[in-house]
Amino acid sequence: MEKGTNLSQDQLLVLIDRFQQGIATTAELEMINRWYDSFESDLPLPESGKGESKEEWRLRMLSEIERRISETERADVKKWPLWSWARIAVAAILVVSMGVFFLSKDKEAELATLAAEIVPGANVATLTLEDGNVLTLSPQQEGIVMGDSLRYADGSLLKGEPSIGQSNHRIYQLATPLGGQYQIRLSDGTKVWLNAASTLKYPSHFTDLKERVVELSGEAYFEVARNVRQPFKVKTSQQLIEVLGTSFNIHNYQDEAEVKTTLMEGSLAIRPQNEPSTGSLATVKLKPGEQIRILNGQPSVHQADIEAEIDWKNGQFIFKNESLGSIMKRVSRWYNVEVRFQKGAPVNEYFKGRVSRFEKVHTLLEMLEETGDVHFKVTGRTIDVYPVKK
């Protein structure tokens, strides 16, 4: 669909509904984007706009959109009165009832120009073999599967080492860079999703081993295949996690003081790494919906917001009372950019909102700027964060 081509009301509402459910395809998202962009063009004012300047009419329409979002999205968005997809959703209501409208794109265009080269992360990873050889994995694939041979999820062979066999336990390392993500199904059927800047070490197979042990740095989501005779364990820099069959998320970045492990299903037993089970820090057992946080070696258990904790796995950024400092750290990893906080920047300001992880960075920055509390300057792959002078 070319720019300026109209979608029918029914088509538009169906596409928006699919987006909100998280099932819209790339092509459908592009259709909505092009529909939205088509309103940049100079369209004639509708009857209701006569007697007003174009700017006055546009501002009145934006005010109406804000009012609609305030009514329908307030429970979900604290400080972002307008974000691109909410604009589209409310725009659909206005299209149905009021006809065409205009949206100012000046600020978005400015940020878009500055951040033109900063695109979201993608399926990027490397696999290091036991002999030190490094395979660059295909960005057209979502993940790899361990078996008698190394294969992608679609069944095609990896180039470099097609045969694994069961003769010995080779150690592999799957690594994602900044701006990368990848998946793996281990030989026992366990599924692992790796977030950006993460590393997973694991054996080629678990045959004849008393335990299934892997090592993680960074962030990963696990769906562990149940095997009561062969416990599954995850080692991180600060904790040892033992499971039988469960789903959980580990957030364990070296540049963050706090380590978080969140349990979705099953059961987990967690103790500090290199600390005997009889030591001063006892083993902690989690129930579904709970999260253990380890800060300065001290564990504490909390009820978790599951949706927010695994937003990255589901292709979203979901912020629920999250500080700007934490948000920008996530932005830095996913978009592979340097973030610099200038004097007075609201590092500890808290926000609520959500956006697709596959939006370009300027969309996220524009959303944050609309709070009126923060301003961004993009230079190359560096984002400077400033306070807003009031």
# chains A, B, ... in the order shown; residues from 1 in each chain; ligands from 1

call {"tool": "select_by_dssp", "arguments": {"residues": "range 193-388 of chain A", "states": "helix (DSSP H, G or I)", "output": "number ranges by chain"}}
result
A: 306-309, 324-335, 361-369

call {"tool": "atom_distance", "arguments": {"atom1": "CA of Ser300 in chain A", "atom2": "CA of Asn314 in chain A"}}
result
26.3 Å

call {"tool": "atom_distance", "arguments": {"atom1": "CA of Thr363 in chain A", "atom2": "CA of Asp255 in chain A"}}
result
25.9 Å

call {"tool": "atom_distance", "arguments": {"atom1": "CA of Asp131 in chain A", "atom2": "CA of His205 in chain A"}}
result
16.5 Å

call {"tool": "select_by_dssp", "arguments": {"residues": "range 134-316 of chain A", "states": "strand (DSSP E or B)", "output": "PyMOL selection string"}}
result
chain A and resi 134-136+143-146+150-152+157+171-176+180-185+191-194+198-203+212-223+232-235+239-243+247-252+258-265+268-272+284-286+290-295+298-303+316
